[in-house]
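J.: File name structure-v9.txt; file contents compact mmCIF, C-alpha atoms; full text below.
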# COMPACT_ATOMS: atom_id res chain seq x y z
CA MET T 1191 2.69 -6.17 -5.17
CA VAL T 1192 4.54 -4.63 -2.23
CA ARG T 1193 5.67 -6.82 0.69
CA GLY T 1194 3.17 -9.46 -0.39
CA LYS T 1195 0.24 -7.03 -0.60
CA VAL T 1196 -1.47 -6.34 -3.91
CA VAL T 1197 -1.69 -2.58 -4.50
CA LEU T 1198 -2.90 -2.44 -8.13
CA THR T 1199 -4.77 -5.17 -10.01
CA GLY T 1200 -5.66 -5.37 -13.68
CA VAL T 1201 -2.44 -3.60 -14.62
CA PRO T 1202 -2.26 -3.27 -18.43
CA ASP T 1203 0.66 -4.79 -20.38
CA ASN T 1204 2.02 -1.36 -21.33
CA VAL T 1205 2.67 -0.47 -17.66
CA VAL T 1206 6.15 -1.54 -16.53
CA VAL T 1207 7.73 -1.75 -13.09
CA SER T 1208 11.48 -1.27 -12.77
CA PRO T 1209 12.87 -2.21 -9.35
CA ALA T 1210 15.18 0.31 -7.69
CA SER T 1211 17.26 0.08 -4.52
CA SER T 1212 15.90 -0.28 -0.97
CA GLY T 1213 12.57 -1.84 -1.95
CA ALA T 1214 11.62 1.09 -4.18
CA ALA T 1215 10.43 0.83 -7.77
CA PHE T 1216 9.65 3.06 -10.71
CA VAL T 1217 6.35 2.57 -12.51
CA GLY T 1218 6.30 3.70 -16.10
CA ALA T 1219 4.29 3.12 -19.23
CA LYS T 1220 4.89 2.57 -22.91
CA ALA T 1221 2.64 4.68 -25.11
CA PRO T 1222 1.30 3.13 -28.33
CA THR T 1223 1.93 6.34 -30.31
CA SER T 1224 4.10 9.40 -30.09
CA SER T 1225 2.15 12.36 -28.70
CA SER T 1226 2.53 15.32 -26.38
CA CYS T 1227 -0.31 14.01 -24.20
CA HIS T 1228 -1.08 10.51 -22.89
CA VAL T 1229 -3.64 9.24 -20.38
CA ILE T 1230 -2.58 5.81 -19.16
CA ASN T 1231 -4.53 3.35 -17.02
CA LEU T 1232 -2.32 2.12 -14.16
CA GLY T 1233 -4.86 -0.49 -13.04
CA ILE T 1234 -7.40 -0.90 -10.26
CA LEU T 1235 -6.40 0.62 -6.93
CA GLU T 1236 -7.18 -1.77 -4.10
CA ASP T 1237 -9.16 -0.55 -1.08
CA TYR T 1238 -6.47 1.04 1.07
CA LYS T 1239 -6.63 4.17 3.14
CA PHE T 1240 -4.76 6.97 1.43
CA MET T 1241 -3.59 10.51 1.79
CA CYS T 1242 -2.98 12.57 -1.31
CA LEU T 1243 -1.49 15.95 -2.03
CA PHE T 1244 -2.95 17.99 -4.86
CA ILE T 1245 -2.82 21.55 -6.10
CA ALA T 1246 -5.87 23.79 -6.29
CA LYS T 1247 -5.19 27.17 -7.85
CA ILE T 1248 -2.00 28.18 -5.99
CA TRP T 1249 -2.47 26.11 -2.81
CA TRP T 1250 -1.31 22.60 -1.98
CA ILE T 1251 -4.07 20.66 -0.23
CA ALA T 1252 -4.05 17.26 1.49
CA ARG T 1253 -7.02 14.89 1.37
CA VAL T 1254 -7.64 11.45 2.85
CA GLY T 1255 -9.87 8.75 1.44
CA ARG T 1256 -10.39 5.07 0.69
CA SER T 1257 -11.39 4.94 -2.98
CA ALA T 1258 -9.74 5.97 -6.24
CA SER T 1259 -12.92 7.91 -6.98
CA GLU T 1260 -11.96 10.28 -4.14
CA ILE T 1261 -8.62 11.23 -5.72
CA PRO T 1262 -8.86 14.87 -6.84
CA MET T 1263 -7.63 16.38 -10.09
CA GLU T 1264 -4.00 17.60 -10.07
CA THR T 1265 -2.86 14.97 -7.55
CA GLN T 1266 0.93 14.87 -7.33
CA MET T 1267 1.42 12.45 -4.43
CA LEU T 1268 -0.54 9.46 -3.22
CA MET T 1269 0.45 7.65 -0.02
CA LEU T 1270 -1.31 4.36 0.66
CA GLU T 1271 -1.50 2.81 4.11
CA VAL T 1272 -1.00 -0.90 3.60
CA GLY T 1273 -1.50 -3.57 6.22
CA GLU T 1274 -4.15 -5.88 7.56
CA ASP T 1275 -5.93 -2.95 9.20
CA SER T 1276 -6.22 -0.82 6.06
CA VAL T 1277 -8.66 -3.03 4.18
CA LEU T 1278 -12.20 -1.65 4.23
CA GLY T 1279 -14.55 -3.03 6.80
CA VAL T 1280 -12.01 -3.60 9.59
CA ALA T 1281 -12.74 -1.57 12.69
CA GLU T 1282 -9.88 0.34 14.34
CA GLU T 1283 -10.22 -1.65 17.58
CA GLU T 1284 -9.74 -4.87 15.58
CA ALA T 1285 -6.69 -3.48 13.79
CA PRO T 1286 -3.30 -5.14 14.28
CA ALA T 1287 -0.44 -3.37 15.99
CA MET T 1288 1.07 -0.29 14.34
CA GLY T 1289 4.23 -2.28 13.45
CA GLN T 1290 2.26 -4.28 10.86
CA ARG T 1291 1.44 -1.20 8.77
CA PHE T 1292 3.62 0.21 6.02
CA TYR T 1293 3.18 2.89 3.40
CA VAL T 1294 3.43 2.97 -0.38
CA LEU T 1295 4.28 6.36 -1.86
CA MET T 1296 3.29 7.11 -5.45
CA LEU T 1297 4.70 10.31 -6.92
CA ALA T 1298 3.82 11.84 -10.26
CA VAL T 1299 7.19 13.01 -11.58
CA LEU T 1300 8.48 15.93 -13.58
CA ASP T 1301 11.24 15.31 -16.07
CA GLU T 1302 12.71 17.46 -18.86
CA GLY T 1303 9.60 19.12 -20.19
CA LEU T 1304 7.31 16.30 -19.06
CA HIS T 1305 4.62 16.82 -16.42
CA SER T 1306 2.48 14.09 -14.90
CA ILE T 1307 -0.47 13.99 -12.53
CA LEU T 1308 -2.54 11.18 -11.04
CA LEU T 1309 -6.11 11.39 -12.31
CA PRO T 1310 -9.42 10.60 -10.68
CA LYS T 1311 -11.40 7.85 -12.37
CA TRP T 1312 -14.42 10.06 -13.00
CA LEU T 1313 -12.43 12.16 -15.44
CA VAL T 1314 -11.51 9.22 -17.68
CA SER T 1315 -13.50 6.08 -16.98
CA SER T 1316 -16.56 4.64 -15.30
CA GLN T 1317 -14.40 2.11 -13.42
CA GLU T 1318 -14.87 3.03 -9.75
CA ARG T 1319 -11.39 2.06 -8.54
CA ALA T 1320 -9.29 2.73 -11.64
CA LEU T 1321 -6.17 4.87 -11.26
CA PHE T 1322 -4.88 6.82 -14.25
CA ILE T 1323 -1.89 9.01 -14.88
CA LEU T 1324 -1.68 11.88 -17.33
CA PHE T 1325 1.65 12.63 -19.01
CA HIS T 1326 1.92 15.80 -21.06
CA SER T 1327 4.45 18.25 -22.37
CA VAL T 1328 5.01 21.23 -20.10
CA ALA T 1329 4.63 23.46 -23.16
CA LEU T 1330 1.18 21.97 -23.81
CA LEU T 1331 -1.57 24.24 -22.50
CA LYS T 1332 -4.54 21.93 -22.99
CA CYS T 1333 -4.81 18.18 -23.28
Is it possible to give me this structure as structure tokens?

T.:
Amino acid sequence: MVRGKVVLTGVPDNVVVSPASSGAAFVGAKAPTSSSCHVINLGILEDYKFMCLFIAKIWWIARVGRSASEIPMETQMLMLEVGEDSVLGVAEEEAPAMGQRFYVLMLAVLDEGLHSILLPKWLVSSQERALFILFHSVALLKC
């Protein structure tokens, strides 16, 4: 929940949120076993407009969408537009003033030999709005 708005629902017990300064937080997960590769369900992404940044071959590409099923492979950044006007079915002319919108930035991080990417649901699950993250060792070629 961010500023009273639910961003992810059905978040599993192994996913933890650690508050940071200035309204920021780190989302992490506890893996059940030790491995060089983990695919972790972060929960169900609510219906917010988003822009994501992903890598395709050697190019960074931006994409916009409204459903977790539209998130491409190799997504590194996901920015959600949150506010009364970002829920599906609300026409732009009915949208509240720009001041009532805010953004949630989700970054897949790199850390000491660890690489992570946000995954599209179609790669892992049949849940239409599920959001997953893949953690793997940088030395690992295939997962």

J.: State, in Å with one decimal place, the distance from CA of Glu1236 in chain T to CA of Thr1199 in chain T.

T.: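 A separation of 7.2 Å between them.
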
J.: What lies within 7 Å of Lys1239 in chain T using all atoms listed in the file, ignoring chain neighbours under 4 positions off, as a PyMOL selection string?

T.: chain T and resi 1255-1256+1270-1271+1276

J.: Rank nothing, just name the residue among T:Asp1237, T:Phe1322, T:Ala1246, T:Ile1307 nearest to Gly1273 in chain T, using all atoms listed in the file.

T.: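 Smallest separation from Gly1273 in chain T among the options: T:Asp1237.
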
J.: Between T:Leu1297, T:Val1254, T:Leu1198, T:Ala1221, which is the closest to Met1267 in chain T once you count only C-alpha atoms?

T.: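 So, comparing all the options, the nearest one is T:Leu1297.
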
J.: With all atoms listed in the file as the atoms that count, which of T:Arg1291, T:His1305, T:Lys1220, T:Lys1247 lies nearest to Arg1193 in chain T?

T.: T:Arg1291

J.: Out of T:Ala1215, T:Leu1308, T:Ala1210, T:Val1192, which residue has the shortest atom-to-atom distance to Ala1320 in chain T when counting all atoms listed in the file?

T.: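 Under the stated criterion, the closest residue is T:Leu1308.
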
J.: Between CA of Cys1227 in chain T and CA of His1326 in chain T, what is the spacing in Å?

T.: 4.2 Å

J.: Could you check how far CA of Ser1257 in chain T sits from CA of Pro1202 in chain T, in Å to one decimal?

T.: 19.7 Å

J.: Go ahead and find all residues with at least one atom no further than 7 Å from (-4.5, 14.5, -12.7) in the file's coordinates, using all atoms listed in the file; report them as a list in words.

T.: Met1263, Glu1264, Thr1265, Ile1307, Leu1308, Leu1309, Pro1310, Ile1323 and Leu1324 of chain T

J.: For C-alpha atoms, I'd like the residues from the last selection saved as an mmCIF file, in the frame of the given file.

T.:
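In the end it all went to part-v1.cif:
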data_model
loop_
_atom_site.group_PDB
_atom_site.id
_atom_site.type_symbol
_atom_site.label_atom_id
_atom_site.label_comp_id
_atom_site.auth_asym_id
_atom_site.auth_seq_id
_atom_site.Cartn_x
_atom_site.Cartn_y
_atom_site.Cartn_z
ATOM 1 C CA MET T 1263 -7.630 16.380 -10.090
ATOM 2 C CA GLU T 1264 -4.000 17.600 -10.070
ATOM 3 C CA THR T 1265 -2.860 14.970 -7.550
ATOM 4 C CA ILE T 1307 -0.470 13.990 -12.530
ATOM 5 C CA LEU T 1308 -2.540 11.180 -11.040
ATOM 6 C CA LEU T 1309 -6.110 11.390 -12.310
ATOM 7 C CA PRO T 1310 -9.420 10.600 -10.680
ATOM 8 C CA ILE T 1323 -1.890 9.010 -14.880
ATOM 9 C CA LEU T 1324 -1.680 11.880 -17.330
#

J.: Using only C-alpha atoms, which protein or nucleic acid residues come within 7 Å of Leu1268 in chain T? Drop anything in the same chain fewer than 4 positions from it, and give the result as a list of chain:residue names.

T.: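 Final neighbour list, sorted by chain and number: T:Phe1240, T:Met1241, T:Cys1242, T:Leu1243, T:Leu1295, T:Met1296, T:Leu1297.
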